[in-house]
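**Student:** This is the structure, below, for whatever I ask next.
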Amino acid sequence: MDETQSASATTLGGVSPEEAFAILGDETRLNIIRVLWRAGALHAYDDIDDSTSTISFSELRRRVDVDDNGRFNYHLSKLVPHFVRKTADGYRLSGGGKRIARTVISIAGDHDATVAGEVSTDCPVCGAAVAVTYEDQWLRFACTECPGLFGDAAPDGTLLNAPFPPPGLAGRTPDDALRAELYRCMLDLTCLMQGVCPECASAVRGTLSVCDDHDATPERLCGACGTPFVAWGELRCDTCRFAKRLPVELCVMGLAPVIGFL
Ligand SMILES: [Zn+2]
Ligand SMILES: [Zn+2]
Ligand SMILES: [Zn+2]
């Protein structure tokens, strides 16, 4: 079906990452994806929507607002078949096109989106109050008194720190945001510990590092590694570079038998 299919291990369904960046690096093409998304012209067998609605060439060109037929056809042809599928009835997004649309939606939203204040859960290390901040699309919960869980590996006081899409903050209190971030982190960790990248589904590489001169106490970070934990696990996807580095105690929280036991 796809004549451009390549044998290279790094190609993504016939398009290399470099080619995918090049194809999408154009305003008209991203507009085509936006218009198809808005119109609900999606790939058949979406999770809850198996519609096969499509948009005709002329209607799509009108909605994207390009007068030049040839120029529009050139840009549309670049998106087919990887991001847009052409059918007998018209055009719709492919699975890859939907993924692009969802990525744009998840990083868009209010630039001033924020959540601030204290949560009702106390610090698991010292029992002091825990405060939430949102900066650079990172949602961080930090102890207001102690150095937190990660020592030098994270900003002072950090207990939980992860990227969080701005739309996810809408209508959420600090406690709601904490619950949402915990679920997202646990799902990522569960996937990673099974050797599956949550972003691109590639295999995940796990390594363990141990501090040979560890001397931390409950009151003091280790002088050698600057953290309270002797062993850290790193889970890394070499395909899309998604990675997490966490104390092994937290890594095993992503294993189904541990979750079941708890
Ligand atoms: Zn604390
Ligand atoms: Zn150490
Ligand atoms: Zn990946």
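Identifiers in this document derive from the order of the structure tokens: chains are assigned A, B, ..., residues are numbered from 1 separately in each chain, and ligands are numbered from 1 in order of occurrence.
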Report as a PyMOL selection string which protein, DNA and RNA residues come within 10 Å of ligand 1, using only C-alpha atoms and all ligand atoms.
**Tutor:** chain A and resi 122-130+142-149+157-159
**Student:** Using only N, CA, C and O atoms, please write the residues we just selected to a file, as a PDB file, in the first residue's frame.
**Tutor:**
ATOM      1  N   ASP A 122       0.185  16.020  53.156  1.00  0.00           N
ATOM      2  CA  ASP A 122       1.427  16.526  53.732  1.00  0.00           C
ATOM      3  C   ASP A 122       2.640  15.836  53.106  1.00  0.00           C
ATOM      4  O   ASP A 122       2.526  14.779  52.492  1.00  0.00           O
ATOM      5  N   CYS A 123       3.812  16.430  53.310  1.00  0.00           N
ATOM      6  CA  CYS A 123       5.069  15.881  52.791  1.00  0.00           C
ATOM      7  C   CYS A 123       5.315  14.487  53.392  1.00  0.00           C
ATOM      8  O   CYS A 123       5.289  14.335  54.625  1.00  0.00           O
ATOM      9  N   PRO A 124       5.549  13.466  52.553  1.00  0.00           N
ATOM     10  CA  PRO A 124       5.773  12.113  53.075  1.00  0.00           C
ATOM     11  C   PRO A 124       7.108  11.986  53.817  1.00  0.00           C
ATOM     12  O   PRO A 124       7.320  11.028  54.550  1.00  0.00           O
ATOM     13  N   VAL A 125       8.011  12.985  53.630  1.00  0.00           N
ATOM     14  CA  VAL A 125       9.322  12.926  54.292  1.00  0.00           C
ATOM     15  C   VAL A 125       9.250  13.557  55.682  1.00  0.00           C
ATOM     16  O   VAL A 125       9.680  12.959  56.672  1.00  0.00           O
ATOM     17  N   CYS A 126       8.690  14.782  55.793  1.00  0.00           N
ATOM     18  CA  CYS A 126       8.757  15.517  57.066  1.00  0.00           C
ATOM     19  C   CYS A 126       7.406  15.936  57.618  1.00  0.00           C
ATOM     20  O   CYS A 126       7.332  16.469  58.727  1.00  0.00           O
ATOM     21  N   GLY A 127       6.330  15.745  56.847  1.00  0.00           N
ATOM     22  CA  GLY A 127       4.999  16.089  57.355  1.00  0.00           C
ATOM     23  C   GLY A 127       4.603  17.542  57.186  1.00  0.00           C
ATOM     24  O   GLY A 127       3.511  17.944  57.600  1.00  0.00           O
ATOM     25  N   ALA A 128       5.485  18.372  56.579  1.00  0.00           N
ATOM     26  CA  ALA A 128       5.146  19.792  56.370  1.00  0.00           C
ATOM     27  C   ALA A 128       4.182  19.933  55.175  1.00  0.00           C
ATOM     28  O   ALA A 128       3.883  18.967  54.475  1.00  0.00           O
ATOM     29  N   ALA A 129       3.738  21.188  54.960  1.00  0.00           N
ATOM     30  CA  ALA A 129       2.795  21.440  53.862  1.00  0.00           C
ATOM     31  C   ALA A 129       3.490  21.283  52.501  1.00  0.00           C
ATOM     32  O   ALA A 129       4.693  21.507  52.377  1.00  0.00           O
ATOM     33  N   VAL A 130       2.705  20.879  51.502  1.00  0.00           N
ATOM     34  CA  VAL A 130       3.217  20.700  50.134  1.00  0.00           C
ATOM     35  C   VAL A 130       2.541  21.727  49.225  1.00  0.00           C
ATOM     36  O   VAL A 130       1.321  21.884  49.267  1.00  0.00           O
ATOM     37  N   ALA A 142       6.149  20.478  45.787  1.00  0.00           N
ATOM     38  CA  ALA A 142       7.365  20.564  46.584  1.00  0.00           C
ATOM     39  C   ALA A 142       7.036  20.807  48.053  1.00  0.00           C
ATOM     40  O   ALA A 142       6.067  21.506  48.378  1.00  0.00           O
ATOM     41  N   CYS A 143       7.851  20.236  48.924  1.00  0.00           N
ATOM     42  CA  CYS A 143       7.712  20.452  50.356  1.00  0.00           C
ATOM     43  C   CYS A 143       8.114  21.896  50.675  1.00  0.00           C
ATOM     44  O   CYS A 143       9.061  22.426  50.103  1.00  0.00           O
ATOM     45  N   THR A 144       7.384  22.519  51.589  1.00  0.00           N
ATOM     46  CA  THR A 144       7.675  23.908  51.938  1.00  0.00           C
ATOM     47  C   THR A 144       8.794  24.007  52.984  1.00  0.00           C
ATOM     48  O   THR A 144       9.231  25.094  53.320  1.00  0.00           O
ATOM     49  N   GLU A 145       9.253  22.834  53.492  1.00  0.00           N
ATOM     50  CA  GLU A 145      10.286  22.905  54.543  1.00  0.00           C
ATOM     51  C   GLU A 145      11.533  22.049  54.296  1.00  0.00           C
ATOM     52  O   GLU A 145      12.636  22.504  54.500  1.00  0.00           O
ATOM     53  N   CYS A 146      11.361  20.789  53.851  1.00  0.00           N
ATOM     54  CA  CYS A 146      12.530  19.907  53.711  1.00  0.00           C
ATOM     55  C   CYS A 146      13.042  19.878  52.261  1.00  0.00           C
ATOM     56  O   CYS A 146      12.404  20.422  51.365  1.00  0.00           O
ATOM     57  N   PRO A 147      14.212  19.242  51.998  1.00  0.00           N
ATOM     58  CA  PRO A 147      14.767  19.222  50.630  1.00  0.00           C
ATOM     59  C   PRO A 147      13.990  18.336  49.657  1.00  0.00           C
ATOM     60  O   PRO A 147      14.324  18.286  48.473  1.00  0.00           O
ATOM     61  N   GLY A 148      12.964  17.600  50.141  1.00  0.00           N
ATOM     62  CA  GLY A 148      12.173  16.755  49.251  1.00  0.00           C
ATOM     63  C   GLY A 148      12.814  15.402  49.004  1.00  0.00           C
ATOM     64  O   GLY A 148      13.691  14.968  49.761  1.00  0.00           O
ATOM     65  N   LEU A 149      12.411  14.748  47.908  1.00  0.00           N
ATOM     66  CA  LEU A 149      12.829  13.362  47.665  1.00  0.00           C
ATOM     67  C   LEU A 149      14.067  13.224  46.789  1.00  0.00           C
ATOM     68  O   LEU A 149      14.699  12.183  46.779  1.00  0.00           O
ATOM     69  N   GLY A 157      13.180  20.810  47.444  1.00  0.00           N
ATOM     70  CA  GLY A 157      11.876  20.466  48.000  1.00  0.00           C
ATOM     71  C   GLY A 157      11.014  19.566  47.127  1.00  0.00           C
ATOM     72  O   GLY A 157       9.920  19.149  47.526  1.00  0.00           O
ATOM     73  N   THR A 158      11.483  19.235  45.908  1.00  0.00           N
ATOM     74  CA  THR A 158      10.638  18.501  44.961  1.00  0.00           C
ATOM     75  C   THR A 158      10.213  17.123  45.483  1.00  0.00           C
ATOM     76  O   THR A 158      11.028  16.331  45.941  1.00  0.00           O
ATOM     77  N   LEU A 159       8.912  16.869  45.378  1.00  0.00           N
ATOM     78  CA  LEU A 159       8.359  15.546  45.694  1.00  0.00           C
ATOM     79  C   LEU A 159       7.835  14.875  44.424  1.00  0.00           C
ATOM     80  O   LEU A 159       7.848  13.657  44.299  1.00  0.00           O
TER      81      LEU A 159
END
**Student:** If you count only C-alpha atoms, which residues fall within 9 Å of Leu76 (chain A), apart from same-chain ones fewer than 5 positions away, as an NGL selection string?
**Tutor:** :A and (28-29 or 32 or 71 or 84)
**Student:** Between A:Leu79, A:Ala153, A:Leu235, A:Ala177, which residue has the minimum interatomic distance to ligand 2, considering only C-alpha atoms and all ligand atoms?
**Tutor:**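 Smallest separation from ligand 2 among the options: A:Ala153.
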**Student:** Could I get the residues of chain A with an atom no further than 10 Å from an atom of ligand 2, each paired with its nearest atom pair and that distance in Å to one decimal, using only C-alpha atoms and all ligand atoms, sorted by chain and residue number, as a tab-separated table?
**Tutor:**
residue	atom	partner	partner_atom_place_in_ligand_line	distance
A:Val210	CA	ligand 2	1 (Zn)	7.8
A:Cys211	CA	ligand 2	1 (Zn)	4.5
A:Asp212	CA	ligand 2	1 (Zn)	6.9
A:Asp213	CA	ligand 2	1 (Zn)	5.8
A:His214	CA	ligand 2	1 (Zn)	3.4
A:Asp215	CA	ligand 2	1 (Zn)	5.9
A:Ala216	CA	ligand 2	1 (Zn)	6.5
A:Leu221	CA	ligand 2	1 (Zn)	7.7
A:Cys222	CA	ligand 2	1 (Zn)	4.5
A:Gly223	CA	ligand 2	1 (Zn)	6.4
A:Ala224	CA	ligand 2	1 (Zn)	4.8
A:Cys225	CA	ligand 2	1 (Zn)	4.0
A:Gly226	CA	ligand 2	1 (Zn)	6.2
A:Thr227	CA	ligand 2	1 (Zn)	6.1
A:Pro228	CA	ligand 2	1 (Zn)	7.0
A:Phe229	CA	ligand 2	1 (Zn)	6.6
A:Val230	CA	ligand 2	1 (Zn)	5.3
A:Ala231	CA	ligand 2	1 (Zn)	8.2
**Student:** Just to be explicit: take each residue in the selection above, keep N, CA and C atoms, and write the result as a short mmCIF file (atom, residue, chain, number, x, y, z; two decimals), in the first residue's frame.
**Tutor:**
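Resulting contents of out_29.cif:
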data_model
loop_
_atom_site.label_atom_id
_atom_site.label_comp_id
_atom_site.auth_asym_id
_atom_site.auth_seq_id
_atom_site.Cartn_x
_atom_site.Cartn_y
_atom_site.Cartn_z
N VAL A 210 24.38 2.91 41.18
CA VAL A 210 24.43 2.78 42.63
C VAL A 210 25.53 3.68 43.16
N CYS A 211 25.24 4.41 44.24
CA CYS A 211 26.24 5.29 44.87
C CYS A 211 27.12 4.43 45.79
N ASP A 212 28.39 4.29 45.42
CA ASP A 212 29.29 3.41 46.19
C ASP A 212 29.63 3.97 47.57
N ASP A 213 29.59 5.31 47.69
CA ASP A 213 29.97 5.92 48.98
C ASP A 213 28.77 6.56 49.66
N HIS A 214 27.62 5.91 49.55
CA HIS A 214 26.38 6.52 50.03
C HIS A 214 26.41 6.70 51.55
N ASP A 215 26.05 7.91 52.01
CA ASP A 215 26.07 8.15 53.46
C ASP A 215 24.90 9.05 53.90
N ALA A 216 23.76 8.95 53.21
CA ALA A 216 22.62 9.79 53.57
C ALA A 216 21.98 9.31 54.87
N LEU A 221 21.21 14.78 53.09
CA LEU A 221 21.45 14.14 51.79
C LEU A 221 22.85 13.52 51.77
N CYS A 222 23.06 12.56 50.90
CA CYS A 222 24.37 11.93 50.75
C CYS A 222 25.39 12.94 50.20
N GLY A 223 26.56 13.01 50.81
CA GLY A 223 27.59 13.93 50.36
C GLY A 223 28.16 13.55 49.00
N ALA A 224 28.11 12.27 48.67
CA ALA A 224 28.71 11.80 47.40
C ALA A 224 27.76 12.02 46.21
N CYS A 225 26.49 11.59 46.34
CA CYS A 225 25.58 11.68 45.19
C CYS A 225 24.57 12.82 45.33
N GLY A 226 24.47 13.44 46.51
CA GLY A 226 23.58 14.59 46.68
C GLY A 226 22.11 14.23 46.73
N THR A 227 21.79 12.95 46.94
CA THR A 227 20.38 12.53 47.01
C THR A 227 20.17 11.64 48.24
N PRO A 228 18.91 11.39 48.62
CA PRO A 228 18.66 10.51 49.76
C PRO A 228 18.70 9.03 49.36
N PHE A 229 18.76 8.72 48.06
CA PHE A 229 18.62 7.33 47.60
C PHE A 229 19.94 6.73 47.10
N VAL A 230 20.21 5.47 47.47
CA VAL A 230 21.48 4.84 47.09
C VAL A 230 21.46 4.33 45.65
N ALA A 231 20.28 3.93 45.17
CA ALA A 231 20.22 3.33 43.82
C ALA A 231 19.15 4.02 42.97
#
**Student:** Taking only C-alpha atoms and all ligand atoms into account, which residues are within 10 Å of ligand 3, as a compact mmCIF listing (two decimals) with N, CA and C atoms, in the first residue's frame?
**Tutor:**
# COMPACT_ATOMS: atom_id res chain seq x y z
N LEU A 192 6.95 1.96 31.04
CA LEU A 192 8.41 1.89 30.95
C LEU A 192 8.96 0.63 31.61
N VAL A 196 8.13 -0.79 27.46
CA VAL A 196 7.40 -0.17 26.34
C VAL A 196 7.40 1.35 26.52
N CYS A 197 7.86 2.09 25.50
CA CYS A 197 7.87 3.55 25.59
C CYS A 197 6.44 4.08 25.50
N PRO A 198 5.99 4.90 26.49
CA PRO A 198 4.63 5.42 26.45
C PRO A 198 4.39 6.42 25.32
N GLU A 199 5.47 7.00 24.78
CA GLU A 199 5.31 7.98 23.71
C GLU A 199 5.28 7.34 22.33
N CYS A 200 6.20 6.39 22.07
CA CYS A 200 6.32 5.87 20.70
C CYS A 200 6.25 4.35 20.61
N ALA A 201 6.08 3.66 21.76
CA ALA A 201 5.90 2.21 21.81
C ALA A 201 7.17 1.40 21.49
N SER A 202 8.30 2.08 21.32
CA SER A 202 9.56 1.35 21.07
C SER A 202 10.02 0.65 22.35
N ALA A 203 11.06 -0.19 22.20
CA ALA A 203 11.63 -0.87 23.37
C ALA A 203 12.36 0.14 24.25
N VAL A 204 12.36 -0.14 25.55
CA VAL A 204 12.98 0.76 26.54
C VAL A 204 14.20 0.08 27.14
N ARG A 236 15.05 4.46 29.47
CA ARG A 236 15.26 5.36 28.33
C ARG A 236 14.82 4.72 27.02
N CYS A 237 14.11 5.52 26.20
CA CYS A 237 13.75 5.08 24.85
C CYS A 237 14.73 5.73 23.89
N ASP A 238 15.49 4.91 23.14
CA ASP A 238 16.49 5.46 22.22
C ASP A 238 15.85 5.98 20.94
N THR A 239 14.60 5.60 20.67
CA THR A 239 13.95 6.05 19.43
C THR A 239 13.48 7.50 19.55
N CYS A 240 12.70 7.81 20.63
CA CYS A 240 12.17 9.18 20.75
C CYS A 240 12.78 9.94 21.92
N ARG A 241 13.70 9.30 22.67
CA ARG A 241 14.43 9.90 23.78
C ARG A 241 13.56 10.22 25.00
N PHE A 242 12.40 9.60 25.10
CA PHE A 242 11.61 9.73 26.34
C PHE A 242 12.37 8.97 27.42
N ALA A 243 12.53 9.59 28.60
CA ALA A 243 13.31 8.92 29.64
C ALA A 243 12.85 9.37 31.02
**Student:** Kindly give the distance, in Å, that separates CA of Tyr74 (chain A) and CA of Gly95 (chain A), rounded to a single decimal.
**Tutor:**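 Here the two named atoms are 21.3 Å from each other.
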**Student:** From a DSSP calculation on the backbone, collect every residue of region 17-183 of chain A in helix (DSSP H, G or I) and output the set as a ChimeraX atom specification.
**Tutor:** /A:17-24,27-38,57-64,69-79,95-107,151-153,166-169,174-183
**Student:** Of the residues A:Val35, A:Leu187, A:Val258, A:Ala162, which is the one nearest to Val132 (chain A), using only C-alpha atoms?
**Tutor:** A:Ala162
**Student:** Between A:Arg220, A:Arg184, A:Arg245, A:Arg179, which one has atoms that come closest to Leu208 (chain A), using only C-alpha atoms?
**Tutor:**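 Looking at the shortest contact to Leu208 (chain A), the residue is A:Arg245.
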**Student:** Using only C-alpha atoms, which of A:Met253, A:Leu93, A:Val115, A:Val248 sits nearest Arg172 (chain A)?
**Tutor:** A:Val115
**Student:** Mind running region 131-176 of chain A against region 102-108 of chain A at 8 Å and telling me each contacting residue's nearest atom pair with the distance in Å (one decimal), counting only C-alpha atoms, chain and number ascending, as JSON lines?
**Tutor:**
{"residue": "A:Pro165", "atom": "CA", "partner": "A:Ser106", "partner_atom": "CA", "distance": 5.4}
{"residue": "A:Pro166", "atom": "CA", "partner": "A:Ile107", "partner_atom": "CA", "distance": 6.6}
{"residue": "A:Pro167", "atom": "CA", "partner": "A:Ser106", "partner_atom": "CA", "distance": 6.5}
**Student:** Which of these residues is nearest to Gly40 (chain A), using only C-alpha atoms: A:Ser94, A:Ser77, A:Thr87, A:Thr121?
**Tutor:**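 Of A:Ser94, A:Ser77, A:Thr87, A:Thr121, the one nearest Gly40 (chain A), counting only C-alpha atoms, is A:Ser94.
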**Student:** Provide the CA of Ile23 (chain A) to CA of Pro81 (chain A) distance in Å, to one decimal place.
**Tutor:**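 So the two atoms, CA of Ile23 (chain A) and CA of Pro81 (chain A), lie 11.5 Å apart.
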**Student:** For Pro174 (chain A), which of A:Ser53, A:Thr114, A:Ser58, A:Thr207 is the closest residue, counting only C-alpha atoms?
**Tutor:**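 For Pro174 (chain A), the nearest of the given residues is A:Thr114.
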**Student:** CA of Glu19 (chain A) and CA of Gly96 (chain A) are how many Å apart?
**Tutor:**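 Between CA of Glu19 (chain A) and CA of Gly96 (chain A) the gap is 13.5 Å.
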**Student:** Just the strand (DSSP E or B) stuff from region 173-242 of chain A, please, per backbone DSSP, written as a PyMOL selection string.
**Tutor:** chain A and resi 196+203+205-210+217+220+231-236
